[in-house]
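Asker: Quick one, query17.csv (CSV, C-alpha atoms):
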chain,number,residue,atom,x,y,z
U,1,MET,CA,-16.3,4.4,8.5
U,2,GLY,CA,-19.7,5.2,7.1
U,3,THR,CA,-21.9,3.1,4.8
U,4,LEU,CA,-20.6,0.0,3.1
U,5,ASP,CA,-21.5,-0.8,-0.5
U,6,GLU,CA,-22.6,-4.2,-1.8
U,7,HIS,CA,-19.0,-5.4,-1.9
U,8,GLY,CA,-18.2,-4.3,1.7
U,9,ARG,CA,-16.2,-1.2,0.7
U,10,PRO,CA,-16.6,1.9,2.8
U,11,GLU,CA,-18.2,4.7,0.9
U,12,PRO,CA,-16.1,7.8,0.9
U,13,PRO,CA,-17.9,10.7,2.6
U,14,LEU,CA,-19.9,12.9,0.3
U,15,GLN,CA,-19.6,16.0,2.5
U,16,ALA,CA,-16.5,16.0,4.7
U,17,ASP,CA,-13.3,17.9,5.2
U,18,GLU,CA,-10.2,17.3,3.1
U,19,GLU,CA,-8.6,14.8,5.4
U,20,ALA,CA,-11.7,12.6,5.8
U,21,THR,CA,-12.3,12.8,2.0
U,22,LEU,CA,-8.7,11.8,1.1
U,23,VAL,CA,-8.5,9.0,3.7
U,24,GLY,CA,-12.0,7.8,2.7
U,25,PHE,CA,-11.0,7.4,-0.9
U,26,LEU,CA,-7.7,5.6,0.1
U,27,GLU,CA,-9.7,3.1,2.2
U,28,TRP,CA,-12.2,2.6,-0.7
U,29,GLN,CA,-9.3,1.8,-3.0
U,30,ARG,CA,-7.7,-0.6,-0.5
U,31,SER,CA,-11.1,-2.3,0.0
U,32,THR,CA,-11.5,-2.6,-3.8
U,33,PHE,CA,-8.1,-4.3,-4.1
U,34,ALA,CA,-9.0,-6.7,-1.2
U,35,TRP,CA,-12.3,-7.5,-2.9
U,36,LYS,CA,-10.7,-8.2,-6.2
U,37,CYS,CA,-8.1,-10.5,-4.6
U,38,ALA,CA,-10.5,-12.3,-2.3
U,39,GLY,CA,-10.8,-16.1,-2.9
U,40,VAL,CA,-8.2,-16.2,-5.7
U,41,ASP,CA,-6.1,-19.3,-5.4
U,42,ALA,CA,-2.3,-19.8,-6.0
U,43,ALA,CA,-2.8,-20.5,-9.7
U,44,GLY,CA,-5.0,-17.5,-10.1
U,45,LEU,CA,-2.5,-15.2,-8.3
U,46,ASP,CA,0.3,-16.5,-10.7
U,47,VAL,CA,-1.6,-15.9,-14.0
U,48,THR,CA,-0.3,-13.3,-16.4
U,49,VAL,CA,-2.3,-11.5,-19.0
U,50,GLY,CA,-1.1,-10.9,-22.5
U,51,SER,CA,2.6,-10.1,-22.9
U,52,SER,CA,2.8,-8.7,-19.3
U,53,SER,CA,4.7,-10.6,-16.7
U,54,MET,CA,2.6,-8.9,-14.0
U,55,THR,CA,0.6,-11.2,-11.7
U,56,LEU,CA,-2.0,-10.5,-9.1
U,57,GLY,CA,0.2,-12.2,-6.5
U,58,GLY,CA,3.1,-9.9,-7.5
U,59,LEU,CA,0.7,-6.9,-7.2
U,60,LEU,CA,-0.3,-8.0,-3.7
U,61,LYS,CA,3.4,-8.1,-2.6
U,62,HIS,CA,4.2,-4.9,-4.5
U,63,MET,CA,1.3,-3.1,-2.8
U,64,ALA,CA,2.6,-4.3,0.6
U,65,LEU,CA,5.9,-2.8,-0.2
U,66,VAL,CA,4.2,0.5,-1.3
U,67,GLU,CA,2.3,0.7,2.0
U,68,ASP,CA,5.5,0.3,4.0
U,69,TYR,CA,7.6,2.6,1.8
U,70,TRP,CA,5.2,5.5,1.8
U,71,PHE,CA,3.6,5.3,5.3
U,72,SER,CA,6.5,3.9,7.4
U,73,GLU,CA,9.7,4.8,5.7
U,74,GLN,CA,8.7,8.1,4.0
U,75,LEU,CA,6.1,9.6,6.4
U,76,LEU,CA,7.7,8.5,9.7
U,77,GLY,CA,11.3,8.1,8.7
U,78,ARG,CA,11.5,4.4,9.8
U,79,ASP,CA,14.0,1.9,8.5
U,80,ALA,CA,12.7,-0.7,6.0
U,81,ALA,CA,11.1,-3.6,7.8
U,82,PRO,CA,11.3,-7.3,6.9
U,83,PRO,CA,11.2,-8.7,4.3
U,84,TRP,CA,12.3,-5.6,2.4
U,85,ASN,CA,15.3,-4.9,4.6
U,86,ALA,CA,16.9,-8.2,3.6
U,87,VAL,CA,16.5,-7.8,-0.2
U,88,ASP,CA,19.4,-7.1,-2.5
U,89,TRP,CA,17.5,-4.5,-4.5
U,90,GLU,CA,20.5,-3.9,-6.8
U,91,ALA,CA,20.5,-7.6,-7.9
U,92,ASP,CA,16.7,-7.6,-8.5
U,93,ARG,CA,14.9,-4.2,-8.6
U,94,ASP,CA,11.6,-6.1,-9.1
U,95,TRP,CA,12.1,-8.7,-6.3
U,96,GLU,CA,8.6,-8.3,-4.9
U,97,TRP,CA,7.1,-9.1,-8.2
U,98,HIS,CA,9.4,-12.1,-8.9
U,99,SER,CA,9.4,-13.6,-5.4
U,100,ALA,CA,5.6,-13.6,-5.0
U,101,ALA,CA,5.3,-16.9,-6.9
U,102,ASP,CA,7.1,-18.5,-3.9
U,103,ASP,CA,4.5,-17.3,-1.4
U,104,THR,CA,1.1,-18.9,-0.7
U,105,PRO,CA,-2.1,-16.8,-1.3
U,106,GLU,CA,-2.5,-16.7,2.5
U,107,GLN,CA,1.0,-15.3,3.0
U,108,LEU,CA,0.5,-12.7,0.3
U,109,ARG,CA,-2.8,-11.5,1.6
U,110,ALA,CA,-1.5,-11.5,5.2
U,111,LEU,CA,1.5,-9.5,4.2
U,112,TRP,CA,-0.6,-6.9,2.5
U,113,GLU,CA,-3.2,-6.7,5.2
U,114,GLU,CA,-0.5,-6.4,7.9
U,115,ARG,CA,1.1,-3.5,6.0
U,116,VAL,CA,-2.2,-1.8,5.5
U,117,ALA,CA,-2.9,-2.0,9.2
U,118,ARG,CA,0.5,-0.6,10.0
U,119,SER,CA,0.0,2.2,7.4
U,120,ARG,CA,-3.2,3.2,9.1
U,121,VAL,CA,-1.4,3.7,12.4
U,122,ALA,CA,1.5,5.5,10.7
U,123,LEU,CA,-0.9,7.8,8.9
U,124,GLY,CA,-2.7,8.6,12.1
U,125,GLU,CA,0.6,9.5,13.7
U,126,ALA,CA,1.6,11.7,10.8
U,127,LEU,CA,-1.8,13.5,10.8
U,128,GLU,CA,-1.6,14.0,14.5
U,129,ALA,CA,1.9,15.4,14.3
U,130,GLY,CA,1.4,17.9,11.4
U,131,GLY,CA,-1.9,17.4,9.6
U,132,LEU,CA,-2.1,17.2,5.9
U,133,GLY,CA,0.5,19.9,5.5
U,134,GLY,CA,3.1,18.0,7.5
U,135,LEU,CA,6.1,16.8,5.6
U,136,VAL,CA,7.6,13.3,5.2
U,137,ARG,CA,10.5,12.7,7.5
U,138,ARG,CA,12.7,10.8,5.0
U,139,PRO,CA,12.4,12.0,1.4
U,140,PRO,CA,14.5,10.4,-1.2
U,141,ALA,CA,18.0,12.0,-1.5
U,142,GLY,CA,18.0,15.3,-3.4
U,143,VAL,CA,14.2,15.5,-3.4
U,144,GLU,CA,12.1,18.1,-1.5
U,145,PRO,CA,10.0,16.5,1.2
U,146,ALA,CA,6.4,15.8,0.1
U,147,SER,CA,3.4,16.6,2.3
U,148,VAL,CA,1.1,14.1,3.9
U,149,ARG,CA,-1.6,15.4,1.5
U,150,TRP,CA,0.7,14.6,-1.5
U,151,VAL,CA,1.3,11.0,-0.1
U,152,LEU,CA,-2.4,10.4,0.2
U,153,CYS,CA,-3.1,11.6,-3.3
U,154,HIS,CA,-0.2,9.6,-4.7
Starting from the coordinates I provided, produce the structure as structure tokens.

Answerer:
Amino acid sequence: MGTLDEHGRPEPPLQADEEATLVGFLEWQRSTFAWKCAGVDAAGLDVTVGSSSMTLGGLLKHMALVEDYWFSEQLLGRDAAPPWNAVDWEADRDWEWHSAADDTPEQLRALWEERVARSRVALGEALEAGGLGGLVRRPPAGVEPASVRWVLCH
């Protein structure tokens, strides 16, 4: 990584190839999310705003699921990992949002950080295997496979 800004976020490169630029902005977004969640206690993670039921704790858990889904399941074709593989998604399609209230701030942050670390490794594997034009190994049924480039932009 290059220069860090005043919040500890890595500055995306100003002049780089496509891969370094896309990964640089993904890392900047991840660092922004980590910065915004840092130091928030359990009560703060469970607060809703306005009429929304969304909480910051739910968002942490949802983003952990998103990391696993796109980088492990989609890109590399791996099976869902715990805790996602034990969830009855038909019974509660928003399980990660609802169950976050049962987790401590430390558990939520650790879950997200572990998934980001795993995603970095998975992305490295996918880029090494086929570059940005490589295709996901497990697209949803009936959908054309997306490219690594598309996953990074998404």

Asker: Would you work out the distance separating CA of Leu59 in chain U from CA of Glu114 in chain U, expressed in Å to one decimal?

Answerer: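 Distance between the two atoms: 15.2 Å.
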
Asker: Using only C-alpha atoms, what does the table of range 13-75 of chain U residues within 8 Å of range 147-153 of chain U look like, with each row giving the shortest atom pair and its distance in Å to one decimal, sorted by chain and ascending number, as a tab-separated table?

Answerer:
residue	atom	partner	partner_atom	distance
U:Leu22	CA	U:Leu152	CA	6.5
U:Val23	CA	U:Leu152	CA	7.2
U:Leu26	CA	U:Leu152	CA	7.2
U:Trp70	CA	U:Val151	CA	7.0
U:Leu75	CA	U:Val148	CA	7.2

Asker: Hey, which of U:Glu67, U:Glu19, U:Asp5, U:Glu73 ends up closest to Ala117 in chain U? Count only C-alpha atoms.

Answerer: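 Closest residue, counting only C-alpha atoms: U:Glu67.
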
Asker: Any idea what's packed within 10 Å of Gly24 in chain U, counting only C-alpha atoms, ignoring anything in its chain fewer than 4 positions away? Could you give it as a compact mmCIF listing (two decimals) with C-alpha atoms, keeping the file's coordinate frame?

Answerer:
# COMPACT_ATOMS: atom_id res chain seq x y z
CA MET U 1 -16.30 4.40 8.50
CA GLY U 2 -19.70 5.20 7.10
CA PRO U 10 -16.60 1.90 2.80
CA GLU U 11 -18.20 4.70 0.90
CA PRO U 12 -16.10 7.80 0.90
CA PRO U 13 -17.90 10.70 2.60
CA LEU U 14 -19.90 12.90 0.30
CA ALA U 16 -16.50 16.00 4.70
CA GLU U 18 -10.20 17.30 3.10
CA GLU U 19 -8.60 14.80 5.40
CA ALA U 20 -11.70 12.60 5.80
CA TRP U 28 -12.20 2.60 -0.70
CA GLN U 29 -9.30 1.80 -3.00
CA ARG U 30 -7.70 -0.60 -0.50

Asker: To one decimal in Å, tell me the separation between CA of Asp88 in chain U and CA of Ala42 in chain U.

Answerer: 25.4 Å

Asker: For each of U:Ala64, U:Leu76, U:Val40, U:Val47, take the minimum atom-to-atom distance to Pro139 in chain U, counting all atoms listed in the file, then give the residue where this is smallest.

Answerer: U:Leu76

Asker: Which of these residues is nearest to Ala34 in chain U, using all atoms listed in the file: U:Pro82, U:Ala110, U:Asp68, U:Arg120?

Answerer: U:Ala110

Asker: List as JSON, numbers by chain: which residues have an atom within 7 Å of (0.0, -14.7, -11.8), counting all atoms listed in the file?

Answerer: {"U": [43, 44, 45, 46, 47, 48, 54, 55, 56, 57]}

Asker: Write a file of the just-selected residues containing C-alpha atoms, as a PDB file, keeping the file's coordinate frame.

Answerer:
ATOM      1  CA  ALA U  43      -2.800 -20.500  -9.700  1.00  0.00           C
ATOM      2  CA  GLY U  44      -5.000 -17.500 -10.100  1.00  0.00           C
ATOM      3  CA  LEU U  45      -2.500 -15.200  -8.300  1.00  0.00           C
ATOM      4  CA  ASP U  46       0.300 -16.500 -10.700  1.00  0.00           C
ATOM      5  CA  VAL U  47      -1.600 -15.900 -14.000  1.00  0.00           C
ATOM      6  CA  THR U  48      -0.300 -13.300 -16.400  1.00  0.00           C
ATOM      7  CA  MET U  54       2.600  -8.900 -14.000  1.00  0.00           C
ATOM      8  CA  THR U  55       0.600 -11.200 -11.700  1.00  0.00           C
ATOM      9  CA  LEU U  56      -2.000 -10.500  -9.100  1.00  0.00           C
ATOM     10  CA  GLY U  57       0.200 -12.200  -6.500  1.00  0.00           C
TER      11      GLY U  57
END
